[in-house]
Structure formats: C-alpha cells, structure tokens
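Worksheet for the structure shown next.
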Amino acid sequence: MKRLLLLAIAGVLGACGPAGESTEEGDTASAAATVAVDGVTDTEVVFGTHTDLSGAIAIWGVGVLNGARMRFDEVNEAGGVHGRQIRYIVEDTQYQVPRAIQAANKLIYRDKIFAMLMAVGTPTNNAVMEEQFEAGVPNIFPGSGARSMVEPYRKLMFSQHGTYYDEIRAAVKYFAEKEGRTTPCVMYLNNEYGLEIVEAAQDQAAEMGLEVAEMAAYKITDSEFTAPVIRLRNAGCDVVLMGSVHRDTILILEAARKIGWDDVAWVGNNAAYGQVIADQESGSGEGYYAFVHMAKIYEDDESLTQVERDWMRRYRERYGEEAGLPAMEGYRGADLVVVALERAGRDLTREKFIAAMESIDDYTDIFGYKIVFGPDDHKGTSESALSVVRNGRWVTLDTSITY
C-alpha cells in the first residue's frame, strides 16, 4: 500500500499542473477547488466502502448497505445535495483482511472516493485506516464498535456506533446492581474484538469490587461449545458476557440449553444482536440479552411512530424483507452524511465536510436516538439500549444505559 500511496501522490501532482495552467476567464477559485477534491465533481460526490456481503458478518454488511442506498436514492431522486448526486461504491471483503486492503487501495487510488463510509468489520478497518488517513480520506461511521474506531481521537474519523467496551461495562454494572448477578464470566472470540470484551468486563468488575470468575476463549472456526459452557457453569457464573457474533452466539446458547443451564444471564453486545438469534426454533435464544446502540423494531408493533411505520413499509417494498438493526444503522448513517453535505455547502471540500459533521450537535434520527458531535468529540453516542429475546422477538427494556 505504501507503493500505491506514492503512485497516487505522483498522479495527483501530475494532474494539478494542467489544471493550474488554465487561461479560461470563466474559471473561478471555487471551480478549481472542486476539481482538486477527490470524489467531487460538478454533478456528484463519491463515497466508498469495503464491507462483508458474503462472509461471516454479511448480515451486517448487506443490511447496512441496503439502508444506506435507500436513503441516498431518496435524496438523489429529489435532486441530490446542492445539485450533486451521491454515488456509493461498494467492495465485498468477505470479512477478510487481505481483501479489505485490496478494496481500500482501489477505492482510494483508482475510484478516488471523497470518504470511506460505513466500512464493516473491526480487523478490516484497522488494517487500512492508517494508510487511508495518510491519503487524507475520512473514515465515516465504520461498522464496528471497537475502541480503535474512536480512540485515539482522529480528525478524519467519526462514529455513530458506540463501543463494545462501553456496552459490556454497562452490562456488568446493570446486572450487578439491578439483578444481583455478581459473579461475571466471559466467553469470547480469541481476537482483538473478543479481547476488548474481556478488558471491559475486567475493568468494570474491578471498579465494583467484583472478580471475573472464569473466561473461555474460542476460535471463529469452532463449532462445539459444550466443554467451555460446562466450565463456566462449574465456576458458578451467574452472568456471562459474550464476545461473540451471530453464528457462535447461537451455538453457545444451544450448548447451554442442551446441558440444562438456565439460571444464568447470557449478555451480548451490538456484534451479537440479530433476529436470527431470536428465531431459533429450539428456543435457545429466549432470555438472551444484548446491549446495543439501537434496538430493533418490528412492523406490527403498535407503539411505532407513523414515521417508523412508513420507513419499515418502504424498506420491505424495496427489499422484500423486514428491516433489521443493520438497515436502521445504514439509513441513519447515510442521513447524517446528507445533513453534513447540506451544511458544507456547494463549494465542497473535505475540510468543510468535517466541520459540518462537527456542527451536528442536535440530531435525532427517525427511530428516536440522538447523535452528538463536536470539534473534539467524534464518538456520536455513549449510551446503550438493553434488549432481551422474549417469544422470538427482541423487546427493548431501556434505551439510555451507561456505566
């Protein structure tokens, strides 16, 4: 990627010469600035993403993409933003780091995107962000709750996601104080994502004078979880914090069901939250909790606002299925981008876009959740919603939990 970065710089320098030599009297400083900004022309602004459309977390990648495209199409059909159409280029990584690096190279240096938008996956984002920032390309709303998406503070990085770390700390605190569950344990994927779950549980337990009684690590390829589940039960765990994703969450809960361990609270986070868990015919998902930044809604829920109901209807008409949390996140992320583009004005640059993003301190999405940014705060939100599976559906218990 270093080599490609040098080639890209050389290409930009070569392109700048002729542009600066124009003698057209009608040329203006504004027009010259527009030509010089990657991803911006007189008629469009181009965003890109590397995401998972066919791998282990495709549920997230496809849903986020669908929600984002729905919002962008609405805006484009209404004339765009300041006369520009929004184009969104998507590359499938299958949740593989080498493919993410390849995709990022293409998007940044060949497609010359304005910004990376809602790229899904922790390791895939981490693998490309440093070179991406060196190239001056913002990373907007990555589909990851890792702390590396918000810490350390980066001028070119914004999140709308919250962090897994915050969610798990909130979980330990909530279940100790509200449910009297003071023997926490952790079951986690043995990777950087899972280790953040471990750290969060340990940090919150220590702050409350508790101790993590047992931990069980596993690989993404594992499919048998009976032995580690028995080990956790034997340790006397009364709440298990999970650093898992969809497939392994289902297998872990099924293993607990088979051994009859039903006096424990299984608690996940945003990465392990989806209707597929609630849909398990065996009922293994019943009573499973998750701390998330947005909670799933259902079309037939009588408590929905008319705006939410109309949005759910439009999504089903477009994609032939009910919208899930990833689609909600994708739609909101795209809407926030539209707000920033509108505030940035016609003479669009990355600097003006970043300033416009930082000015969004009064935003509430159509689902009722608030996002707040500022010049020194690109985190978006620190609050968690708590949901639990009851009768095959996610039920929201609270929407503003912190630790």
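A note on labels: chains of the structure tokens are A, B, ... as shown, every chain counts residues from 1, and ligands are counted from 1 in their shown order.
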May I have the residues within 9 Å of Phe353 in chain A as a CSV table (one decimal) with N, CA, C and O atoms, in the first residue's frame, using only C-alpha atoms and disregarding those fewer than 6 positions away in the same chain?
chain,number,residue,atom,x,y,z
A,337,VAL,N,-24.8,11.8,6.7
A,337,VAL,CA,-23.9,12.3,5.6
A,337,VAL,C,-24.7,13.4,4.8
A,337,VAL,O,-24.1,14.4,4.5
A,340,ALA,N,-24.6,16.6,6.7
A,340,ALA,CA,-23.3,17.3,6.6
A,340,ALA,C,-23.0,17.9,5.3
A,340,ALA,O,-22.5,19.0,5.2
A,341,LEU,N,-23.4,17.2,4.2
A,341,LEU,CA,-23.2,17.7,2.9
A,341,LEU,C,-24.0,19.0,2.7
A,341,LEU,O,-23.6,20.0,2.1
A,343,ARG,N,-24.9,21.1,5.0
A,343,ARG,CA,-24.3,22.2,5.8
A,343,ARG,C,-23.0,22.6,5.2
A,343,ARG,O,-22.6,23.8,5.4
A,344,ALA,N,-22.3,21.7,4.6
A,344,ALA,CA,-20.9,22.1,4.0
A,344,ALA,C,-21.1,23.0,2.8
A,344,ALA,O,-20.1,23.8,2.5
A,345,GLY,N,-22.2,23.0,2.1
A,345,GLY,CA,-22.4,24.0,1.0
A,345,GLY,C,-21.9,23.4,-0.3
A,345,GLY,O,-21.4,22.3,-0.4
Using only C-alpha atoms, which residues of range 243-316 of chain A come within 8 Å of range 355-379 of chain A, and what is the closest atom pair for each, with the distance in Å to one decimal? Give it as a tab-separated table, sorted by chain and residue number.
residue	atom	partner	partner_atom	distance
A:Met294	CA	A:Tyr369	CA	7.3
A:Val307	CA	A:Ile366	CA	6.8
A:Glu308	CA	A:Phe367	CA	6.4
File dump, residues just selected, N, CA and C atoms, as a tab-separated table (two decimals), in the first residue's frame:
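Final file, selection19.tsv:
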chain	number	residue	atom	x	y	z
A	294	MET	N	-28.65	0.84	19.05
A	294	MET	CA	-30.02	0.99	18.55
A	294	MET	C	-30.71	-0.35	18.72
A	307	VAL	N	-43.80	7.69	11.32
A	307	VAL	CA	-42.57	7.80	10.53
A	307	VAL	C	-41.86	6.45	10.50
A	308	GLU	N	-41.73	5.79	11.65
A	308	GLU	CA	-41.09	4.48	11.70
A	308	GLU	C	-41.87	3.47	10.88
Going by DSSP on the backbone, which bits of range 136-309 of chain A are strand (DSSP E)? Write them as a short mmCIF file (atom, residue, chain, number, x, y, z; two decimals) with all heavy atoms, in the first residue's frame, please.
data_model
loop_
_atom_site.label_atom_id
_atom_site.label_comp_id
_atom_site.auth_asym_id
_atom_site.auth_seq_id
_atom_site.Cartn_x
_atom_site.Cartn_y
_atom_site.Cartn_z
N ASN A 139 -12.74 8.44 7.53
CA ASN A 139 -13.40 7.18 7.81
C ASN A 139 -14.69 7.49 8.57
O ASN A 139 -14.66 7.79 9.77
CB ASN A 139 -12.50 6.26 8.64
CG ASN A 139 -12.92 4.81 8.54
OD1 ASN A 139 -13.36 4.36 7.48
ND2 ASN A 139 -12.76 4.05 9.61
N ILE A 140 -15.80 7.46 7.88
CA ILE A 140 -17.07 7.92 8.43
C ILE A 140 -17.94 6.72 8.83
O ILE A 140 -18.25 5.86 8.00
CB ILE A 140 -17.84 8.79 7.42
CG1 ILE A 140 -16.94 9.92 6.89
CG2 ILE A 140 -19.11 9.34 8.03
CD1 ILE A 140 -16.45 10.88 7.95
N MET A 157 -12.04 10.82 11.56
CA MET A 157 -12.81 9.64 11.93
C MET A 157 -14.03 10.02 12.77
O MET A 157 -13.92 10.76 13.74
CB MET A 157 -11.93 8.66 12.69
CG MET A 157 -12.60 7.35 13.06
SD MET A 157 -11.39 6.06 13.45
CE MET A 157 -10.50 6.80 14.82
N PHE A 158 -15.19 9.50 12.37
CA PHE A 158 -16.44 9.72 13.11
C PHE A 158 -17.14 8.38 13.32
O PHE A 158 -17.12 7.51 12.44
CB PHE A 158 -17.39 10.64 12.34
CG PHE A 158 -16.97 12.08 12.30
CD1 PHE A 158 -16.03 12.51 11.38
CD2 PHE A 158 -17.52 13.01 13.18
CE1 PHE A 158 -15.64 13.83 11.31
CE2 PHE A 158 -17.14 14.34 13.13
CZ PHE A 158 -16.19 14.75 12.20
N PRO A 184 -19.57 -12.47 37.42
CA PRO A 184 -19.49 -12.40 35.96
C PRO A 184 -18.43 -13.33 35.40
O PRO A 184 -17.40 -13.59 36.04
CB PRO A 184 -19.12 -10.93 35.71
CG PRO A 184 -18.35 -10.54 36.93
CD PRO A 184 -18.99 -11.29 38.08
N CYS A 185 -18.69 -13.82 34.20
CA CYS A 185 -17.72 -14.60 33.45
C CYS A 185 -17.72 -14.08 32.01
O CYS A 185 -18.60 -13.32 31.63
CB CYS A 185 -18.07 -16.09 33.48
SG CYS A 185 -17.93 -16.83 35.13
N VAL A 186 -16.76 -14.51 31.22
CA VAL A 186 -16.63 -14.05 29.84
C VAL A 186 -16.40 -15.22 28.91
O VAL A 186 -15.59 -16.11 29.19
CB VAL A 186 -15.47 -13.03 29.68
CG1 VAL A 186 -15.43 -12.49 28.26
CG2 VAL A 186 -15.59 -11.90 30.68
N MET A 187 -17.12 -15.23 27.80
CA MET A 187 -16.87 -16.18 26.72
C MET A 187 -16.63 -15.36 25.47
O MET A 187 -17.47 -14.53 25.09
CB MET A 187 -18.06 -17.13 26.54
CG MET A 187 -17.74 -18.31 25.64
SD MET A 187 -18.88 -19.67 25.95
CE MET A 187 -18.06 -20.99 25.05
N TYR A 188 -15.49 -15.59 24.81
CA TYR A 188 -15.11 -14.63 23.78
C TYR A 188 -14.29 -15.24 22.64
O TYR A 188 -13.56 -16.21 22.83
CB TYR A 188 -14.28 -13.51 24.42
CG TYR A 188 -12.94 -13.94 24.98
CD1 TYR A 188 -11.77 -13.73 24.26
CD2 TYR A 188 -12.85 -14.57 26.22
CE1 TYR A 188 -10.54 -14.13 24.76
CE2 TYR A 188 -11.62 -14.98 26.73
CZ TYR A 188 -10.47 -14.76 26.00
OH TYR A 188 -9.26 -15.16 26.50
N LEU A 189 -14.47 -14.65 21.48
CA LEU A 189 -13.63 -14.96 20.33
C LEU A 189 -12.21 -14.52 20.64
O LEU A 189 -11.99 -13.40 21.11
CB LEU A 189 -14.12 -14.19 19.10
CG LEU A 189 -15.07 -14.89 18.16
CD1 LEU A 189 -15.64 -13.89 17.16
CD2 LEU A 189 -14.36 -16.02 17.43
N MET A 215 -13.09 -17.41 32.38
CA MET A 215 -13.12 -16.97 30.99
C MET A 215 -12.89 -18.16 30.08
O MET A 215 -12.15 -19.08 30.42
CB MET A 215 -12.05 -15.90 30.74
CG MET A 215 -12.26 -14.61 31.52
SD MET A 215 -11.16 -13.28 30.99
CE MET A 215 -9.58 -13.94 31.54
N ALA A 216 -13.56 -18.11 28.91
CA ALA A 216 -13.40 -19.19 27.93
C ALA A 216 -13.23 -18.56 26.55
O ALA A 216 -14.11 -17.85 26.08
CB ALA A 216 -14.62 -20.11 27.95
N ALA A 217 -12.08 -18.83 25.94
CA ALA A 217 -11.80 -18.31 24.60
C ALA A 217 -12.03 -19.40 23.56
O ALA A 217 -11.94 -20.60 23.85
CB ALA A 217 -10.36 -17.81 24.53
N TYR A 218 -12.34 -18.98 22.35
CA TYR A 218 -12.53 -19.94 21.26
C TYR A 218 -12.18 -19.28 19.94
O TYR A 218 -12.01 -18.06 19.84
CB TYR A 218 -13.97 -20.46 21.24
CG TYR A 218 -15.01 -19.39 21.00
CD1 TYR A 218 -15.44 -19.07 19.71
CD2 TYR A 218 -15.58 -18.67 22.07
CE1 TYR A 218 -16.39 -18.08 19.49
CE2 TYR A 218 -16.52 -17.70 21.86
CZ TYR A 218 -16.92 -17.40 20.56
OH TYR A 218 -17.84 -16.41 20.35
N VAL A 239 -23.76 -14.52 35.33
CA VAL A 239 -23.92 -13.71 34.14
C VAL A 239 -22.69 -13.92 33.26
O VAL A 239 -21.56 -13.88 33.76
CB VAL A 239 -24.12 -12.21 34.49
CG1 VAL A 239 -22.97 -11.66 35.32
CG2 VAL A 239 -24.28 -11.39 33.21
N VAL A 240 -22.91 -14.19 31.99
CA VAL A 240 -21.80 -14.41 31.06
C VAL A 240 -21.82 -13.31 30.01
O VAL A 240 -22.79 -13.16 29.26
CB VAL A 240 -21.88 -15.79 30.37
CG1 VAL A 240 -20.72 -15.95 29.39
CG2 VAL A 240 -21.87 -16.90 31.41
N LEU A 241 -20.73 -12.54 29.96
CA LEU A 241 -20.57 -11.50 28.95
C LEU A 241 -19.95 -12.14 27.72
O LEU A 241 -18.93 -12.83 27.83
CB LEU A 241 -19.68 -10.38 29.46
CG LEU A 241 -20.19 -9.53 30.64
CD1 LEU A 241 -21.63 -9.06 30.40
CD2 LEU A 241 -20.05 -10.25 31.97
N MET A 242 -20.54 -11.90 26.56
CA MET A 242 -20.16 -12.63 25.36
C MET A 242 -19.47 -11.74 24.33
O MET A 242 -20.02 -10.72 23.91
CB MET A 242 -21.39 -13.29 24.74
CG MET A 242 -22.06 -14.29 25.68
SD MET A 242 -23.57 -15.00 25.03
CE MET A 242 -22.91 -16.04 23.73
N GLY A 243 -18.29 -12.16 23.93
CA GLY A 243 -17.57 -11.52 22.83
C GLY A 243 -17.72 -12.37 21.60
O GLY A 243 -16.76 -12.93 21.08
N ALA A 265 -27.58 -15.46 33.12
CA ALA A 265 -27.92 -14.45 32.11
C ALA A 265 -26.81 -14.41 31.07
O ALA A 265 -25.65 -14.17 31.41
CB ALA A 265 -28.09 -13.09 32.77
N TRP A 266 -27.16 -14.66 29.82
CA TRP A 266 -26.22 -14.55 28.70
C TRP A 266 -26.39 -13.15 28.11
O TRP A 266 -27.49 -12.77 27.72
CB TRP A 266 -26.51 -15.61 27.64
CG TRP A 266 -26.31 -17.01 28.13
CD1 TRP A 266 -27.25 -17.83 28.68
CD2 TRP A 266 -25.08 -17.73 28.14
NE1 TRP A 266 -26.69 -19.03 29.03
CE2 TRP A 266 -25.34 -19.01 28.71
CE3 TRP A 266 -23.78 -17.45 27.73
CZ2 TRP A 266 -24.37 -19.98 28.87
CZ3 TRP A 266 -22.79 -18.42 27.89
CH2 TRP A 266 -23.09 -19.66 28.46
N VAL A 267 -25.30 -12.41 28.04
CA VAL A 267 -25.39 -11.00 27.66
C VAL A 267 -24.39 -10.67 26.55
O VAL A 267 -23.17 -10.80 26.75
CB VAL A 267 -25.13 -10.07 28.87
CG1 VAL A 267 -25.39 -8.62 28.48
CG2 VAL A 267 -26.00 -10.47 30.05
N GLY A 268 -24.91 -10.25 25.41
CA GLY A 268 -24.06 -9.88 24.29
C GLY A 268 -24.04 -8.38 24.06
O GLY A 268 -24.52 -7.60 24.88
N ASN A 269 -23.51 -8.02 22.93
CA ASN A 269 -23.40 -6.61 22.56
C ASN A 269 -23.87 -6.45 21.12
O ASN A 269 -24.46 -7.36 20.54
CB ASN A 269 -21.96 -6.13 22.73
CG ASN A 269 -21.00 -6.92 21.87
OD1 ASN A 269 -20.95 -6.75 20.65
ND2 ASN A 269 -20.25 -7.82 22.47
N TYR A 289 -29.81 -11.52 26.37
CA TYR A 289 -29.78 -10.06 26.42
C TYR A 289 -28.71 -9.50 25.49
O TYR A 289 -27.70 -10.16 25.22
CB TYR A 289 -29.45 -9.59 27.84
CG TYR A 289 -30.46 -9.93 28.90
CD1 TYR A 289 -30.39 -11.13 29.60
CD2 TYR A 289 -31.47 -9.04 29.25
CE1 TYR A 289 -31.30 -11.44 30.60
CE2 TYR A 289 -32.39 -9.33 30.25
CZ TYR A 289 -32.29 -10.53 30.92
OH TYR A 289 -33.20 -10.84 31.90
N ALA A 290 -28.90 -8.25 25.08
CA ALA A 290 -27.86 -7.57 24.31
C ALA A 290 -27.92 -6.07 24.60
O ALA A 290 -29.00 -5.49 24.66
CB ALA A 290 -28.02 -7.82 22.82
N PHE A 291 -26.75 -5.48 24.79
CA PHE A 291 -26.61 -4.03 24.92
C PHE A 291 -26.17 -3.49 23.55
O PHE A 291 -25.13 -3.91 23.02
CB PHE A 291 -25.57 -3.69 25.99
CG PHE A 291 -26.11 -3.80 27.38
CD1 PHE A 291 -26.32 -5.05 27.96
CD2 PHE A 291 -26.41 -2.67 28.12
CE1 PHE A 291 -26.82 -5.17 29.25
CE2 PHE A 291 -26.92 -2.78 29.42
CZ PHE A 291 -27.12 -4.02 29.98
N VAL A 292 -26.96 -2.59 23.00
CA VAL A 292 -26.74 -2.13 21.63
C VAL A 292 -26.92 -0.61 21.55
O VAL A 292 -27.46 0.02 22.46
CB VAL A 292 -27.72 -2.82 20.65
CG1 VAL A 292 -27.45 -4.31 20.59
CG2 VAL A 292 -29.17 -2.57 21.07
#
Between CA of Gly145 in chain A and CA of Thr381 in chain A - distance in Å to one decimal: 11.1 Å
DSSP alpha helix (DSSP H) selection over range 66-168 of chain A, as JSON, numbers by chain: {"A": [66, 67, 68, 69, 70, 71, 72, 73, 74, 75, 76, 77, 97, 98, 99, 100, 101, 102, 103, 104, 105, 122, 123, 124, 125, 126, 127, 128, 129, 130, 131, 132, 133, 134, 164, 165, 166, 167, 168]}
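Residues within 10 Å of Thr396 in chain A, counting only C-alpha atoms and excluding same-chain residues fewer than 3 positions away, are Tyr289, Ala290, Phe291, Met294, Ala295, Lys296, Ile297, Ala385, Leu386, Ser387, Val388, Val389, Arg393 and Thr399 of chain A.
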Contacts of range 62-76 of chain A within 6 Å, only C-alpha atoms, excl. fewer than 2 positions in-chain, as JSON, numbers by chain: {"A": [53, 58, 59, 60, 78, 79, 80, 85, 326, 327, 330, 331, 334]}
Selection export as a PDB file, in the first residue's frame, atoms kept: C-alpha atoms:
ATOM      1  CA  LEU A  53     -21.533  -9.069   1.568  1.00  0.00           C
ATOM      2  CA  ALA A  58     -22.708 -10.470   5.827  1.00  0.00           C
ATOM      3  CA  ILE A  59     -25.875  -9.904   7.884  1.00  0.00           C
ATOM      4  CA  TRP A  60     -24.330  -6.599   8.892  1.00  0.00           C
ATOM      5  CA  ALA A  78     -35.181  14.570  -5.135  1.00  0.00           C
ATOM      6  CA  GLY A  79     -32.292  16.251  -6.974  1.00  0.00           C
ATOM      7  CA  GLY A  80     -29.297  15.392  -4.790  1.00  0.00           C
ATOM      8  CA  GLN A  85     -25.891  13.127  -6.909  1.00  0.00           C
ATOM      9  CA  PRO A 326     -28.099  -3.049  10.324  1.00  0.00           C
ATOM     10  CA  ALA A 327     -30.524  -1.403   7.889  1.00  0.00           C
ATOM     11  CA  GLY A 330     -27.166   2.231   7.403  1.00  0.00           C
ATOM     12  CA  TYR A 331     -30.099   4.551   6.831  1.00  0.00           C
ATOM     13  CA  ALA A 334     -26.487   7.970   5.168  1.00  0.00           C
TER      14      ALA A 334
END
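Taking only C-alpha atoms into account, Val229 in chain A lies nearest to A:Ala255 out of the set A:Ala255, A:Ala135, A:Ile101, A:Ala36.
Of the residues under consideration (A:Gly143, A:Pro228, A:Gly283, A:Gly180), A:Gly143 shows the shortest atom-to-atom contact distance to Thr124 in chain A when counting only C-alpha atoms.
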